[in-house]
Structure formats: structure tokens, C-alpha cells
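Chemist: Handing you this structure, nothing more for now.
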Amino acid sequence: MELGLVTLLRAAWVAAILPVVIALIPSSKISFFLQFVLGFAKRGKIMQSSSNKFSVPQKLFIHFYILASVWTTLLLVATWIYAYSTMPKISEPLLFSSIASHLTGGSRIFSLHSSHTSKEHRSRIAVSIFLLLLMEAQVLRRLFESIYVFKYSPSARMHILGYLTGLFFYTAAPISLCCNHAAEVYKFWLSLIQEFIVKGKDRMLATEVDWWRFLNPLIQLRWYSWIGAAIFFWGWIHQQRCHTILGSLRENREDNDEYVVPHGDWFQYVSSPHYLAEIVVYSGFVVVSGCSDLTIWLLWGFTVANLVLAAAETHRWYLHKFDNYPRNRFAIFPFVY
Ligand SMILES: NC(=O)c1ccc[n+]([C@@H]2O[C@H](COP(=O)([O-])OP(=O)(O)OC[C@H]3O[C@@H](n4cnc5c(N)ncnc54)[C@H](OP(=O)(O)O)[C@@H]3O)[C@@H](O)[C@H]2O)c1
């Protein structure tokens, strides 16, 4: 199942990246393909009101973050409790000790358990837990912003395929961060539930939780994971600032459907700094994982391709809409593009 899930996720990311990358090729021969992809990818101000067919309100973005918050929390809790429960005993009894003995009892599960408790393996699970923690910080903030910061105009829409892509993204992204251990975590919880059903609650409950051991995965992180976390929070903070600027643009204005030129923070350099900040956030994930996980690279690749496409259109839209638009601004990457 482990290999199957990883392969499936990688195939899904490649399938999602390819059309966007082809659309980004600057060739007049395939410009029709760019228009075709943009037909699905446009949203909000860059989506013409005439293309409202098969569209939904852009404020449904909130669905993405509700889904992502619940799903990420579930994966985080499941993986962290698994890591805690299968960590080698030091002096105190294990939480769910009966499950651990069950794991070490069955011949197939025993081989799993003994190999999985190696230091290297535990350190990789620690990275997954850390990535899920960071993802939680990202999606919870986005959920908050969708409710309290952004003021989506009633006319802002997105294509139904864009909406479905968003649901796909926030299902696939959190599991991509921990897919290498998903099978063993799943088996652990299945055994736990089976034992719970057979033995009942009274014989299952642990007496004490060792918080030091609980936090152990964070202590095991290598230096590059902390550098990745610093990159993540650099992007996180700037995205929060840029979203606050965007959310404030319509304050005290009667025409709350109107667009204005944003200023401040990374808006001084690029037209879509919130997209740039999102790319920095996902670059943080790549570095946390030690730049060695292909699934996370593909997740990053999709984010970059998708946001570069949207940023290019946004930049064109600003230049067309505002005569006095700052000419020194780039689309998404300062001094490059
Ligand atoms: N990881 C990914 O692949 C991915 C994909 C998509 C989005 N995202 C992230 O989600 C966040 C939101 O994306 P989005 O595409 O919804 O952003 P957006 O189109 O720029 O809209 C964000 C909010 O700001 C308002 N706004 C934008 N420009 C404005 C202007 N010039 N004047 C007044 N209001 C303005 C919009 O109003 P209207 O409602 O009127 O348009 C909307 O309420 C971004 O940070 C992005 O990085 C990530």
C-alpha cells in the first residue's frame, strides 16, 4: 500500500503539473492551449464576467481550508501518536503497551516494527510530523483569513474545475507530506481499533503520558529541517502581511466590488507577492524534508506552475487596468519575471 500510495500521488502531481507547464511555454503555436488552461484556472479579477458559465463564487475557497484543516489535523494526530507508541521503551511503560506487544507478536508486523524503530526511520517519521505541523500552521491561518480578512466581492468567481482542483490539492498536499509512513500508521490504528473492540476501553487506557517522549520527534530533527522551518515562516509572515493589505483595500469604500493598486510589503516588488510567499512556504517544505523527497518536490512543482500562471495573468490585468500602475513591478519573482 505504501508504494502504491506514493506512486499514485506522484502520478497525480505529474498529471496536474504537465498541462500547466505546457501552457507556460512561450510559443505562439500553442497559445490556444494557454487560453484553454486559463479558461479553467482564472478566478476573481482576472476571470471575465462573460465566462461565468460553470463557475462558483470565489469565496468557496473557504471549503479548501476547512478540508485541509480537518485532514491535516487527522494525519498529524495519527502519525504523532503512532511515533510515540512505537518508540523504544526507556524506563516507563509504553502507552498502548498492549498494542506494541501485539505489533511485536505477529510475525509480519514484527518485522515491520523492528525495522521501523531504527534511528534513521524514526528520524524520517519526525520529519513527517514536523511537516504536518507546519502545514497545520499554514492552513489554519488561511482558514482564519478566508473568514475574517478577505472580503470577496459578490462578482468574484472561479471555474468549477478550478474548485475541484482546489479540493484535490488540499487532499493530496497533506498526505504527500507523510505518505512514506502512511501504510504503517494505518496498520497501527487498525490494530488499535481492533484491540479496542475486542478488549474494551478499560483494558486499553494508559495511565500516564510521557511528554518528554511525546516531544522527542522534534528533538530528533536535523539542522536542515530547522532551516526549512525558517524559510517556511519567512513566507508565512509575508503572506499574512500581503493578505492583510489585500483585505484592507476595500475598507471604508462604498464600491466594495472595485479593485485598487495595492502598496506595501512585497507589493513594492511584484504584483502577486501573496503567490510568491506561498512558493516560499512550499520551498520551506522541500528544505525541511532534506530536498530528497520526490513527492514533496512534485507538490512544490505544482504550486510553482499554478501560481506563476495566475501571477502572469494578474500582472497583465493590472497593467491593462491601471494607467499609473508602477512599471518597476515584476509579476512574481523580483527582478526576474
Ligand atoms: N498552493 C496553491 O496552488 C494555491 C492556489 C491558489 C491560491 N493559493 C493561495 O491562496 C491565496 C489567495 O489566492 P487568490 O487567487 O484567491 O487571491 P486573489 O485573487 O488575489 O484574491 C484574494 C482577495 O483579495 C482581493 N483582491 C485581490 N486583488 C485586489 C485588488 N487589486 N483590489 C482589491 N481587492 C483585491 C480579492 O477580491 P475579489 O474577491 O474581488 O477577487 C480577494 O478577496 C494566495 O495567497 C495564494 O497563494 C494557493
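Simple scheme: letters A, B, ... for chains in C-alpha cells order, numbers from 1 for residues in each chain, numbers from 1 for ligands in the order shown.
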Neighbours of ligand 1 within 6 Å, counting only C-alpha atoms and all ligand atoms, as an mmCIF file with C-alpha atoms, in the first residue's frame?

Modeler:
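Written out: part-v6.cif:
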```cif
data_model
loop_
_atom_site.group_PDB
_atom_site.id
_atom_site.type_symbol
_atom_site.label_atom_id
_atom_site.label_comp_id
_atom_site.auth_asym_id
_atom_site.auth_seq_id
_atom_site.Cartn_x
_atom_site.Cartn_y
_atom_site.Cartn_z
ATOM 1 C CA GLY A 44 -11.572 36.608 -9.234
ATOM 2 C CA LYS A 45 -10.479 39.783 -11.004
ATOM 3 C CA PHE A 150 -10.577 38.668 2.706
ATOM 4 C CA LYS A 151 -13.690 40.455 1.510
ATOM 5 C CA TYR A 152 -14.542 38.515 -1.631
ATOM 6 C CA SER A 153 -16.692 40.591 -3.942
ATOM 7 C CA ALA A 156 -15.630 37.157 -7.940
ATOM 8 C CA LEU A 246 -5.424 42.942 0.147
ATOM 9 C CA GLY A 247 -8.168 42.598 2.762
ATOM 10 C CA LEU A 249 -8.105 47.670 0.182
ATOM 11 C CA ASP A 257 -16.601 45.345 -5.827
ATOM 12 C CA TYR A 259 -10.164 46.936 -7.425
ATOM 13 C CA VAL A 260 -7.300 49.278 -6.498
ATOM 14 C CA VAL A 261 -3.493 49.183 -6.755
ATOM 15 C CA PRO A 262 -2.051 47.579 -3.597
ATOM 16 C CA HIS A 274 0.989 36.523 -1.833
ATOM 17 C CA TYR A 275 1.661 33.923 -4.553
ATOM 18 C CA GLU A 278 3.135 30.729 -0.993
ATOM 19 C CA THR A 303 2.371 25.067 -6.606
ATOM 20 C CA ASN A 306 -0.038 27.015 -10.893
#
```

Chemist: Taking 4 positions as the minimum chain separation for residues in the same chain, which residues sit within 9 Å of Tyr269 of chain A when counting only C-alpha atoms? Answer as an mmCIF file with C-alpha atoms, in the first residue's frame.

Modeler:
```cif
data_model
loop_
_atom_site.group_PDB
_atom_site.id
_atom_site.type_symbol
_atom_site.label_atom_id
_atom_site.label_comp_id
_atom_site.auth_asym_id
_atom_site.auth_seq_id
_atom_site.Cartn_x
_atom_site.Cartn_y
_atom_site.Cartn_z
ATOM 1 C CA ASP A 265 5.461 44.891 1.906
ATOM 2 C CA PRO A 273 3.510 38.798 -3.569
ATOM 3 C CA ASN A 328 9.089 48.636 -11.946
ATOM 4 C CA ARG A 329 6.985 45.818 -10.520
ATOM 5 C CA PHE A 330 7.559 42.279 -11.757
ATOM 6 C CA ALA A 331 4.838 39.614 -11.987
ATOM 7 C CA ILE A 332 6.013 37.239 -9.242
ATOM 8 C CA PHE A 333 9.823 36.903 -8.949
ATOM 9 C CA PRO A 334 11.569 40.212 -8.131
ATOM 10 C CA PHE A 335 13.988 41.374 -10.880
#
```

Chemist: Leaving out Phe302 of chain A and any residue of its chain fewer than 2 positions from it, which residues lie within 7 Å of it when counting only C-alpha atoms, given as a ChimeraX atom specification?

Modeler: /A:13,16-17,298-300,304-306

Chemist: Let's have the selection written as a PDB file, in the first residue's frame, with C-alpha atoms.

Modeler:
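Once everything was written out, this is again-v9.pdb:
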```pdb
ATOM      1  CA  TRP A  13       1.089  15.534  -9.269  1.00  0.00           C
ATOM      2  CA  ALA A  16      -1.590  18.070 -12.685  1.00  0.00           C
ATOM      3  CA  ILE A  17       1.722  19.815 -13.450  1.00  0.00           C
ATOM      4  CA  LEU A 298       6.278  17.442  -7.163  1.00  0.00           C
ATOM      5  CA  LEU A 299       3.912  19.159  -4.710  1.00  0.00           C
ATOM      6  CA  TRP A 300       6.239  22.179  -4.865  1.00  0.00           C
ATOM      7  CA  VAL A 304       5.011  26.980  -8.583  1.00  0.00           C
ATOM      8  CA  ALA A 305       3.493  26.197 -12.011  1.00  0.00           C
ATOM      9  CA  ASN A 306      -0.038  27.015 -10.893  1.00  0.00           C
TER      10      ASN A 306
END
```

Chemist: Could you check which of A:Phe54, A:Val185, A:Phe168, A:Arg10 is closest to Val77 of chain A, using only C-alpha atoms?

Modeler: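 Checking each of A:Phe54, A:Val185, A:Phe168, A:Arg10 against Val77 of chain A, counting only C-alpha atoms, the winner is A:Val185.
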
Chemist: My list of candidates is A:Ile81, A:Met87, A:Val56, A:Ala277. Which is closest to Phe188 of chain A when distances are computed with only C-alpha atoms?

Modeler: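 Between A:Ile81, A:Met87, A:Val56, A:Ala277, the residue approaching Phe188 of chain A most closely is A:Ile81.
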